[in-house]
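Here is input_28.cif, consisting of mmCIF, C-alpha atoms:
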data_structure
loop_
_atom_site.group_PDB
_atom_site.id
_atom_site.type_symbol
_atom_site.label_atom_id
_atom_site.label_comp_id
_atom_site.auth_asym_id
_atom_site.auth_seq_id
_atom_site.Cartn_x
_atom_site.Cartn_y
_atom_site.Cartn_z
ATOM 1 C CA MET A 1 -78.258 -247.255 171.273
ATOM 2 C CA SER A 2 -78.235 -247.071 167.488
ATOM 3 C CA ALA A 3 -81.385 -247.389 165.423
ATOM 4 C CA GLY A 4 -80.050 -250.663 164.059
ATOM 5 C CA HIS A 5 -79.697 -251.992 160.541
ATOM 6 C CA TYR A 6 -82.215 -253.249 158.013
ATOM 7 C CA PHE A 7 -80.621 -256.696 158.283
ATOM 8 C CA ASP A 8 -81.256 -256.909 162.043
ATOM 9 C CA ASP A 9 -83.837 -259.457 163.173
ATOM 10 C CA ASP A 10 -85.807 -256.870 165.149
ATOM 11 C CA PRO A 11 -84.880 -253.255 164.342
ATOM 12 C CA ASP A 12 -85.476 -250.777 167.165
ATOM 13 C CA ALA A 13 -86.025 -247.695 165.000
ATOM 14 C CA PRO A 14 -89.414 -246.119 165.768
ATOM 15 C CA SER A 15 -92.016 -247.059 163.157
ATOM 16 C CA GLU A 16 -92.897 -244.273 160.704
ATOM 17 C CA PRO A 17 -94.619 -245.792 157.647
ATOM 18 C CA VAL A 18 -94.534 -244.114 154.243
ATOM 19 C CA LEU A 19 -96.423 -245.252 151.134
ATOM 20 C CA VAL A 20 -94.527 -245.570 147.850
ATOM 21 C CA ASP A 21 -95.920 -245.767 144.319
ATOM 22 C CA VAL A 22 -93.999 -248.283 142.208
ATOM 23 C CA THR A 23 -94.497 -247.970 138.458
ATOM 24 C CA LEU A 24 -92.864 -250.449 136.094
ATOM 25 C CA PRO A 25 -93.382 -250.923 132.341
ATOM 26 C CA ASP A 26 -95.769 -253.851 132.869
ATOM 27 C CA THR A 27 -97.273 -253.267 136.305
ATOM 28 C CA ALA A 28 -97.764 -250.747 139.104
ATOM 29 C CA PHE A 29 -98.585 -250.996 142.783
ATOM 30 C CA VAL A 30 -98.499 -249.115 146.070
ATOM 31 C CA MET A 31 -96.449 -250.439 148.962
ATOM 32 C CA GLU A 32 -95.871 -249.405 152.542
ATOM 33 C CA THR A 33 -92.285 -248.810 153.684
ATOM 34 C CA ASP A 34 -90.939 -248.042 157.137
ATOM 35 C CA ARG A 35 -87.911 -247.132 159.194
ATOM 36 C CA GLY A 36 -85.668 -250.053 160.071
ATOM 37 C CA VAL A 37 -86.359 -251.666 156.674
ATOM 38 C CA PHE A 38 -84.240 -251.218 153.564
ATOM 39 C CA SER A 39 -85.134 -248.339 151.240
ATOM 40 C CA ARG A 40 -87.770 -246.475 153.215
ATOM 41 C CA GLY A 41 -89.779 -244.008 151.156
ATOM 42 C CA HIS A 42 -88.594 -244.968 147.686
ATOM 43 C CA LEU A 43 -87.742 -247.804 145.327
ATOM 44 C CA ASP A 44 -83.961 -247.996 145.404
ATOM 45 C CA THR A 45 -81.888 -247.777 142.222
ATOM 46 C CA ALA A 46 -80.604 -251.350 142.336
ATOM 47 C CA THR A 47 -84.018 -252.955 142.818
ATOM 48 C CA SER A 48 -85.478 -250.741 140.088
ATOM 49 C CA MET A 49 -82.717 -251.893 137.758
ATOM 50 C CA LEU A 50 -83.480 -255.549 138.469
ATOM 51 C CA LEU A 51 -87.238 -255.147 138.036
ATOM 52 C CA ARG A 52 -86.878 -253.231 134.765
ATOM 53 C CA ALA A 53 -84.443 -255.705 133.213
ATOM 54 C CA GLU A 54 -85.575 -258.326 130.718
ATOM 55 C CA LEU A 55 -85.069 -261.322 132.966
ATOM 56 C CA SER A 56 -86.514 -264.789 132.640
ATOM 57 C CA ILE A 57 -88.985 -265.785 135.337
ATOM 58 C CA ALA A 58 -90.719 -269.121 135.779
ATOM 59 C CA SER A 59 -94.487 -269.022 135.277
ATOM 60 C CA SER A 60 -95.139 -271.704 137.904
ATOM 61 C CA GLY A 61 -93.443 -273.545 140.732
ATOM 62 C CA ASP A 62 -91.564 -271.921 143.597
ATOM 63 C CA LEU A 63 -89.860 -268.536 143.232
ATOM 64 C CA LEU A 64 -87.708 -266.729 145.792
ATOM 65 C CA ASP A 65 -87.185 -263.101 146.753
ATOM 66 C CA LEU A 66 -84.123 -263.359 148.999
ATOM 67 C CA GLY A 67 -84.013 -260.428 151.425
ATOM 68 C CA CYS A 68 -87.495 -259.200 150.571
ATOM 69 C CA GLY A 69 -87.631 -256.036 152.668
ATOM 70 C CA ALA A 70 -90.994 -254.342 152.109
ATOM 71 C CA GLY A 71 -91.543 -256.605 149.125
ATOM 72 C CA PRO A 72 -91.097 -254.779 145.787
ATOM 73 C CA ILE A 73 -89.384 -257.762 144.184
ATOM 74 C CA ALA A 74 -91.804 -260.334 145.623
ATOM 75 C CA LEU A 75 -94.838 -258.290 144.583
ATOM 76 C CA THR A 76 -93.498 -257.894 141.051
ATOM 77 C CA MET A 77 -92.694 -261.599 140.759
ATOM 78 C CA ALA A 78 -96.187 -262.456 142.018
ATOM 79 C CA ARG A 79 -97.794 -260.123 139.474
ATOM 80 C CA ARG A 80 -95.736 -261.514 136.605
ATOM 81 C CA SER A 81 -96.203 -265.172 137.612
ATOM 82 C CA PRO A 82 -99.636 -265.462 139.232
ATOM 83 C CA ASP A 83 -99.573 -269.272 139.053
ATOM 84 C CA ALA A 84 -96.295 -269.510 140.974
ATOM 85 C CA THR A 85 -95.645 -269.415 144.714
ATOM 86 C CA VAL A 86 -93.341 -266.546 145.628
ATOM 87 C CA TRP A 87 -91.390 -267.066 148.840
ATOM 88 C CA ALA A 88 -90.472 -263.686 150.348
ATOM 89 C CA VAL A 89 -87.669 -264.315 152.839
ATOM 90 C CA ASP A 90 -86.108 -261.874 155.303
ATOM 91 C CA VAL A 91 -84.528 -262.048 158.753
ATOM 92 C CA ASN A 92 -86.074 -258.663 159.633
ATOM 93 C CA ALA A 93 -89.427 -259.152 161.387
ATOM 94 C CA ARG A 94 -90.618 -255.634 160.532
ATOM 95 C CA ALA A 95 -89.785 -256.233 156.875
ATOM 96 C CA ARG A 96 -91.805 -259.459 156.896
ATOM 97 C CA ASP A 97 -94.801 -257.686 158.429
ATOM 98 C CA LEU A 98 -94.588 -254.962 155.781
ATOM 99 C CA CYS A 99 -94.286 -257.467 152.964
ATOM 100 C CA ARG A 100 -97.336 -259.395 154.220
ATOM 101 C CA ARG A 101 -99.391 -256.215 154.395
ATOM 102 C CA ASN A 102 -98.216 -255.155 150.956
ATOM 103 C CA ALA A 103 -99.156 -258.507 149.446
ATOM 104 C CA GLU A 104 -102.621 -258.198 151.029
ATOM 105 C CA ARG A 105 -102.945 -254.561 149.909
ATOM 106 C CA ASN A 106 -102.284 -255.636 146.327
ATOM 107 C CA ALA A 107 -104.396 -258.832 146.439
ATOM 108 C CA LEU A 108 -101.466 -261.171 145.833
ATOM 109 C CA PRO A 109 -102.269 -264.413 147.680
ATOM 110 C CA ASN A 110 -99.398 -266.258 145.965
ATOM 111 C CA VAL A 111 -96.807 -264.450 148.136
ATOM 112 C CA ARG A 112 -95.633 -266.428 151.177
ATOM 113 C CA VAL A 113 -93.651 -264.288 153.610
ATOM 114 C CA VAL A 114 -91.415 -266.236 155.983
ATOM 115 C CA SER A 115 -88.196 -266.147 157.940
ATOM 116 C CA PRO A 116 -85.297 -268.086 156.376
ATOM 117 C CA ASP A 117 -85.732 -271.081 158.684
ATOM 118 C CA ASP A 118 -89.399 -271.443 157.766
ATOM 119 C CA VAL A 119 -88.863 -272.418 154.125
ATOM 120 C CA PRO A 120 -89.299 -276.212 153.962
ATOM 121 C CA ALA A 121 -86.019 -277.971 153.235
ATOM 122 C CA GLU A 122 -87.437 -279.779 150.212
ATOM 123 C CA VAL A 123 -88.463 -276.593 148.360
ATOM 124 C CA ARG A 124 -86.429 -275.876 145.224
ATOM 125 C CA PHE A 125 -86.649 -272.633 143.292
ATOM 126 C CA ALA A 126 -87.178 -272.127 139.584
ATOM 127 C CA THR A 127 -86.303 -268.427 139.859
ATOM 128 C CA ILE A 128 -84.442 -266.436 142.509
ATOM 129 C CA TRP A 129 -84.287 -262.637 142.401
ATOM 130 C CA SER A 130 -82.372 -260.658 144.984
ATOM 131 C CA ASN A 131 -80.856 -257.339 145.896
ATOM 132 C CA PRO A 132 -78.702 -259.105 148.487
ATOM 133 C CA PRO A 133 -77.642 -257.496 151.785
ATOM 134 C CA ILE A 134 -74.033 -256.777 150.828
ATOM 135 C CA ARG A 135 -73.374 -254.847 154.022
ATOM 136 C CA ILE A 136 -73.662 -257.934 156.211
ATOM 137 C CA GLY A 137 -70.041 -258.597 155.223
ATOM 138 C CA LYS A 138 -68.314 -260.794 152.684
ATOM 139 C CA ALA A 139 -68.201 -264.020 154.700
ATOM 140 C CA ALA A 140 -71.850 -263.785 155.760
ATOM 141 C CA LEU A 141 -72.919 -262.891 152.226
ATOM 142 C CA HIS A 142 -71.051 -265.862 150.779
ATOM 143 C CA ASP A 143 -72.684 -268.191 153.311
ATOM 144 C CA LEU A 144 -76.100 -266.727 152.487
ATOM 145 C CA LEU A 145 -75.747 -267.085 148.725
ATOM 146 C CA ASP A 146 -74.054 -270.479 148.909
ATOM 147 C CA SER A 147 -76.966 -271.935 150.896
ATOM 148 C CA TRP A 148 -79.793 -270.457 148.799
ATOM 149 C CA LEU A 149 -78.273 -270.868 145.327
ATOM 150 C CA ALA A 150 -77.811 -274.548 146.134
ATOM 151 C CA ARG A 151 -81.624 -274.730 146.173
ATOM 152 C CA LEU A 152 -82.011 -273.685 142.538
ATOM 153 C CA ASP A 153 -83.774 -276.185 140.295
ATOM 154 C CA ALA A 154 -81.476 -277.882 137.813
ATOM 155 C CA ASP A 155 -82.809 -275.559 135.100
ATOM 156 C CA GLY A 156 -83.405 -272.598 137.398
ATOM 157 C CA SER A 157 -81.778 -269.189 137.364
ATOM 158 C CA ALA A 158 -80.967 -266.493 139.882
ATOM 159 C CA SER A 159 -80.611 -262.779 139.214
ATOM 160 C CA LEU A 160 -78.610 -260.649 141.640
ATOM 161 C CA VAL A 161 -78.033 -256.899 141.567
ATOM 162 C CA VAL A 162 -74.863 -255.761 143.334
ATOM 163 C CA GLN A 163 -73.073 -252.433 143.610
ATOM 164 C CA LYS A 164 -69.769 -252.429 141.765
ATOM 165 C CA HIS A 165 -67.761 -250.711 144.486
ATOM 166 C CA LEU A 166 -69.144 -253.140 147.071
ATOM 167 C CA GLY A 167 -67.676 -256.147 145.305
ATOM 168 C CA ALA A 168 -69.890 -257.124 142.373
ATOM 169 C CA ASP A 169 -66.988 -258.243 140.200
ATOM 170 C CA SER A 170 -65.291 -260.270 142.932
ATOM 171 C CA LEU A 171 -68.659 -261.850 143.765
ATOM 172 C CA GLN A 172 -69.052 -262.895 140.135
ATOM 173 C CA ARG A 173 -65.593 -264.487 140.174
ATOM 174 C CA TRP A 174 -66.395 -266.312 143.416
ATOM 175 C CA LEU A 175 -69.622 -267.740 142.008
ATOM 176 C CA ILE A 176 -67.795 -268.981 138.924
ATOM 177 C CA GLU A 177 -65.154 -270.606 141.145
ATOM 178 C CA LEU A 178 -67.985 -272.431 142.952
ATOM 179 C CA GLY A 179 -68.993 -273.992 139.647
ATOM 180 C CA TYR A 180 -71.905 -271.783 138.658
ATOM 181 C CA ARG A 181 -72.299 -270.091 135.347
ATOM 182 C CA CYS A 182 -72.467 -266.402 136.248
ATOM 183 C CA ASP A 183 -72.951 -263.769 133.562
ATOM 184 C CA ARG A 184 -73.107 -260.016 133.810
ATOM 185 C CA VAL A 185 -76.264 -259.040 131.916
ATOM 186 C CA GLY A 186 -76.485 -255.388 132.884
ATOM 187 C CA SER A 187 -74.452 -252.500 134.258
ATOM 188 C CA LYS A 188 -75.896 -249.122 135.199
ATOM 189 C CA ALA A 189 -75.344 -246.353 137.756
ATOM 190 C CA GLY A 190 -72.547 -248.299 139.447
ATOM 191 C CA PHE A 191 -74.510 -251.549 139.752
ATOM 192 C CA ARG A 192 -73.994 -254.938 138.120
ATOM 193 C CA LEU A 193 -76.833 -257.292 137.271
ATOM 194 C CA LEU A 194 -75.703 -260.913 137.390
ATOM 195 C CA THR A 195 -77.497 -264.088 136.351
ATOM 196 C CA VAL A 196 -76.513 -267.356 137.958
ATOM 197 C CA ARG A 197 -77.210 -270.904 136.764
ATOM 198 C CA HIS A 198 -75.924 -274.371 137.543
ATOM 199 C CA GLY A 199 -73.128 -275.436 135.264
ATOM 200 C CA GLU A 200 -69.438 -275.637 134.712
ATOM 201 C CA PRO A 201 -67.188 -272.589 135.217
ATOM 202 C CA ARG A 202 -66.715 -270.577 132.043
#
With the file now loaded, output its structure as C-alpha coordinates.
Amino acid sequence: MSAGHYFDDDPDAPSEPVLVDVTLPDTAFVMETDRGVFSRGHLDTATSMLLRAELSIASSGDLLDLGCGAGPIALTMARRSPDATVWAVDVNARARDLCRRNAERNALPNVRVVSPDDVPAEVRFATIWSNPPIRIGKAALHDLLDSWLARLDADGSASLVVQKHLGADSLQRWLIELGYRCDRVGSKAGFRLLTVRHGEPR
(Lines of atoms letter the chains of each structure in order from A and count residues from 1; the text may use other names and numbers.)
(Lines give C-alpha, C1' and ligand atoms only; values in the text may rest on other atoms or scores of the structure.)
Protein backbone atom coordinates (compact mmCIF):
# COMPACT_ATOMS: atom_id res chain seq x y z
CA MET A 1 0.00 0.00 0.00
CA SER A 2 1.27 3.48 -0.80
CA ALA A 3 2.07 6.01 1.89
CA GLY A 4 -0.83 8.11 0.66
CA HIS A 5 -1.12 11.76 -0.25
CA TYR A 6 -1.17 14.92 1.83
CA PHE A 7 -4.75 15.50 0.69
CA ASP A 8 -5.95 12.15 2.08
CA ASP A 9 -8.26 12.31 5.09
CA ASP A 10 -6.08 9.95 7.13
CA PRO A 11 -2.59 9.42 5.69
CA ASP A 12 -0.97 6.09 6.58
CA ALA A 13 2.65 7.24 6.36
CA PRO A 14 4.46 6.56 9.66
CA SER A 15 4.74 9.71 11.77
CA GLU A 16 8.23 11.26 11.85
CA PRO A 17 7.96 14.88 13.07
CA VAL A 18 10.52 17.52 12.14
CA LEU A 19 10.65 21.09 13.48
CA VAL A 20 11.00 23.96 11.01
CA ASP A 21 12.06 27.55 11.68
CA VAL A 22 9.99 30.01 9.65
CA THR A 23 11.46 33.50 9.35
CA LEU A 24 9.55 36.24 7.55
CA PRO A 25 10.27 39.98 7.35
CA ASP A 26 7.74 40.78 10.09
CA THR A 27 7.53 37.62 12.18
CA ALA A 28 9.17 34.29 12.95
CA PHE A 29 8.00 31.05 14.51
CA VAL A 30 8.81 27.37 14.89
CA MET A 31 6.39 24.76 13.61
CA GLU A 32 6.23 20.99 13.65
CA THR A 33 5.89 19.17 10.32
CA ASP A 34 5.39 15.48 9.62
CA ARG A 35 5.17 12.79 6.98
CA GLY A 36 1.80 12.53 5.28
CA VAL A 37 1.38 16.33 5.44
CA PHE A 38 2.36 18.77 2.71
CA SER A 39 5.90 20.17 2.82
CA ARG A 40 7.51 18.16 5.59
CA GLY A 41 10.75 19.62 6.88
CA HIS A 42 10.67 22.99 5.13
CA LEU A 43 8.54 25.95 4.12
CA ASP A 44 7.73 25.34 0.48
CA THR A 45 8.53 27.92 -2.20
CA ALA A 46 4.92 28.74 -3.06
CA THR A 47 3.81 29.34 0.53
CA SER A 48 6.93 31.42 1.18
CA MET A 49 6.08 33.53 -1.86
CA LEU A 50 2.54 34.14 -0.59
CA LEU A 51 3.65 35.01 2.94
CA ARG A 52 6.35 37.41 1.74
CA ALA A 53 4.08 39.26 -0.69
CA GLU A 54 2.51 42.60 0.19
CA LEU A 55 -1.05 41.36 0.46
CA SER A 56 -3.99 42.98 2.16
CA ILE A 57 -5.32 41.16 5.21
CA ALA A 58 -8.32 42.07 7.33
CA SER A 59 -7.48 43.11 10.89
CA SER A 60 -10.67 41.60 12.33
CA GLY A 61 -13.50 39.26 11.43
CA ASP A 62 -13.10 35.77 10.01
CA LEU A 63 -10.07 34.78 7.92
CA LEU A 64 -9.46 31.47 6.15
CA ASP A 65 -6.40 29.35 5.45
CA LEU A 66 -7.78 26.84 2.94
CA GLY A 67 -5.74 23.63 3.02
CA CYS A 68 -3.78 24.60 6.11
CA GLY A 69 -1.38 21.66 6.33
CA ALA A 70 0.92 22.18 9.32
CA GLY A 71 -0.26 25.77 9.50
CA PRO A 72 2.36 28.25 8.21
CA ILE A 73 -0.26 30.42 6.53
CA ALA A 74 -2.72 30.26 9.44
CA LEU A 75 0.00 31.07 11.98
CA THR A 76 1.18 34.04 9.93
CA MET A 77 -2.36 35.35 9.47
CA ALA A 78 -2.97 35.00 13.21
CA ARG A 79 0.23 36.90 14.03
CA ARG A 80 -0.58 39.70 11.60
CA SER A 81 -4.25 39.98 12.63
CA PRO A 82 -4.45 39.10 16.33
CA ASP A 83 -8.00 40.46 16.63
CA ALA A 84 -9.31 38.22 13.84
CA THR A 85 -10.41 34.58 13.94
CA VAL A 86 -8.33 32.46 11.58
CA TRP A 87 -10.07 29.31 10.38
CA ALA A 88 -7.47 26.69 9.43
CA VAL A 89 -9.23 24.11 7.26
CA ASP A 90 -7.89 20.79 5.98
CA VAL A 91 -9.31 17.37 5.15
CA ASN A 92 -6.13 15.72 6.48
CA ALA A 93 -6.56 14.76 10.15
CA ARG A 94 -2.81 14.64 10.77
CA ALA A 95 -2.44 18.12 9.29
CA ARG A 96 -5.17 19.44 11.60
CA ASP A 97 -3.46 17.92 14.64
CA LEU A 98 -0.16 19.51 13.62
CA CYS A 99 -1.75 22.88 13.03
CA ARG A 100 -3.45 22.80 16.45
CA ARG A 101 -0.17 21.96 18.16
CA ASN A 102 1.64 24.66 16.22
CA ALA A 103 -0.93 27.27 17.18
CA GLU A 104 -0.54 26.24 20.84
CA ARG A 105 3.26 26.20 20.55
CA ASN A 106 3.19 29.78 19.31
CA ALA A 107 0.48 31.02 21.72
CA LEU A 108 -2.02 31.86 18.98
CA PRO A 109 -5.49 31.28 20.47
CA ASN A 110 -7.19 33.01 17.52
CA VAL A 111 -6.53 30.00 15.24
CA ARG A 112 -9.47 27.59 14.91
CA VAL A 113 -8.47 24.33 13.24
CA VAL A 114 -11.36 22.37 11.74
CA SER A 115 -12.36 20.00 8.98
CA PRO A 116 -14.20 21.62 6.05
CA ASP A 117 -17.62 20.47 7.24
CA ASP A 118 -17.11 22.02 10.67
CA VAL A 119 -17.06 25.65 9.52
CA PRO A 120 -20.52 27.07 10.31
CA ALA A 121 -22.49 27.78 7.15
CA GLU A 122 -23.09 31.41 8.12
CA VAL A 123 -19.39 32.30 8.42
CA ARG A 124 -18.12 34.69 5.74
CA PHE A 125 -14.47 35.51 5.23
CA ALA A 126 -12.83 38.90 4.95
CA THR A 127 -9.56 37.34 3.77
CA ILE A 128 -8.75 33.94 2.28
CA TRP A 129 -5.16 32.82 1.71
CA SER A 130 -4.35 29.47 0.16
CA ASN A 131 -1.72 27.34 -1.48
CA PRO A 132 -4.49 25.13 -2.88
CA PRO A 133 -4.10 21.37 -3.42
CA ILE A 134 -3.72 21.47 -7.21
CA ARG A 135 -2.93 17.76 -7.41
CA ILE A 136 -6.43 16.73 -6.37
CA GLY A 137 -7.35 17.30 -10.03
CA LYS A 138 -8.96 20.09 -11.99
CA ALA A 139 -12.61 19.20 -11.37
CA ALA A 140 -12.11 18.71 -7.62
CA LEU A 141 -10.07 21.91 -7.38
CA HIS A 142 -12.75 23.90 -9.18
CA ASP A 143 -15.42 22.52 -6.84
CA LEU A 144 -13.25 23.37 -3.83
CA LEU A 145 -12.56 26.95 -4.89
CA ASP A 146 -16.08 27.58 -6.15
CA SER A 147 -17.57 26.64 -2.76
CA TRP A 148 -15.11 28.58 -0.58
CA LEU A 149 -14.73 31.72 -2.71
CA ALA A 150 -18.51 32.05 -2.62
CA ARG A 151 -18.09 32.68 1.12
CA LEU A 152 -15.98 35.81 0.67
CA ASP A 153 -17.41 38.98 2.20
CA ALA A 154 -18.65 41.47 -0.36
CA ASP A 155 -15.46 43.49 0.16
CA GLY A 156 -13.24 40.50 0.89
CA SER A 157 -10.27 39.20 -1.06
CA ALA A 158 -8.59 35.87 -1.62
CA SER A 159 -4.95 35.26 -2.49
CA LEU A 160 -3.97 32.01 -4.18
CA VAL A 161 -0.50 30.80 -5.14
CA VAL A 162 -0.45 28.29 -8.00
CA GLN A 163 2.33 26.70 -10.03
CA LYS A 164 2.34 27.90 -13.62
CA HIS A 165 2.85 24.50 -15.21
CA LEU A 166 0.02 23.06 -13.10
CA GLY A 167 -2.53 25.43 -14.57
CA ALA A 168 -2.25 28.83 -12.89
CA ASP A 169 -3.14 30.76 -16.04
CA SER A 170 -6.11 28.57 -16.94
CA LEU A 171 -7.31 28.82 -13.32
CA GLN A 172 -7.18 32.61 -13.56
CA ARG A 173 -9.24 32.53 -16.75
CA TRP A 174 -11.78 30.20 -15.14
CA LEU A 175 -12.20 32.48 -12.13
CA ILE A 176 -12.77 35.46 -14.39
CA GLU A 177 -15.37 33.48 -16.35
CA LEU A 178 -17.16 32.81 -13.05
CA GLY A 179 -17.51 36.56 -12.56
CA TYR A 180 -14.68 37.25 -10.15
CA ARG A 181 -12.06 39.87 -10.60
CA CYS A 182 -8.81 37.89 -10.64
CA ASP A 183 -5.47 39.66 -10.98
CA ARG A 184 -1.97 38.27 -11.17
CA VAL A 185 0.00 40.23 -8.57
CA GLY A 186 3.20 38.21 -8.54
CA SER A 187 5.20 35.69 -10.55
CA LYS A 188 8.34 33.97 -9.30
CA ALA A 189 10.13 30.62 -9.62
CA GLY A 190 7.35 29.21 -11.80
CA PHE A 191 4.51 30.26 -9.49
CA ARG A 192 1.71 32.77 -9.97
CA LEU A 193 0.19 34.76 -7.13
CA LEU A 194 -3.45 35.61 -7.83
CA THR A 195 -5.85 37.86 -5.96
CA VAL A 196 -9.56 37.23 -6.26
CA ARG A 197 -12.45 39.58 -5.45
CA HIS A 198 -16.15 39.74 -6.19
CA GLY A 199 -16.94 41.77 -9.26
CA GLU A 200 -17.56 41.76 -12.94
CA PRO A 201 -15.19 39.98 -15.35
CA ARG A 202 -12.45 42.24 -16.65
Checklist entry - If the PyMOL selection byres ((chain A and resi 75) around 9) is run on the structure shown, which residues does it catch, given as a ChimeraX atom specification? => result /A:29,71-74,76-80,86,99,102-103,106,108,111
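Nearest to A:Phe125 of all the residues A:Asp153, A:Glu32, A:Asp65, A:Asp83 is A:Asp153, based on only C-alpha atoms.
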Checklist entry - Can you list what the PyMOL selection byres ((chain A and resi 181-188) around 10) grabs from this structure, as a VMD selection string? => result chain A and resid 45 to 46 49 to 50 53 to 55 157 to 164 168 to 169 171 to 180 189 to 202
Checklist entry - Do you know which residues the PyMOL selection byres ((chain A and resi 64) around 7) returns on this file, as a ChimeraX atom specification? => result /A:62-63,65-66,86-88,125,127-129
Checklist entry - Counting only C-alpha atoms, which of A:Pro120, A:Gly36, A:Pro82, A:Gly69 gets nearest to A:Ser15? => result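 For A:Ser15, the nearest of the candidates is A:Gly36.
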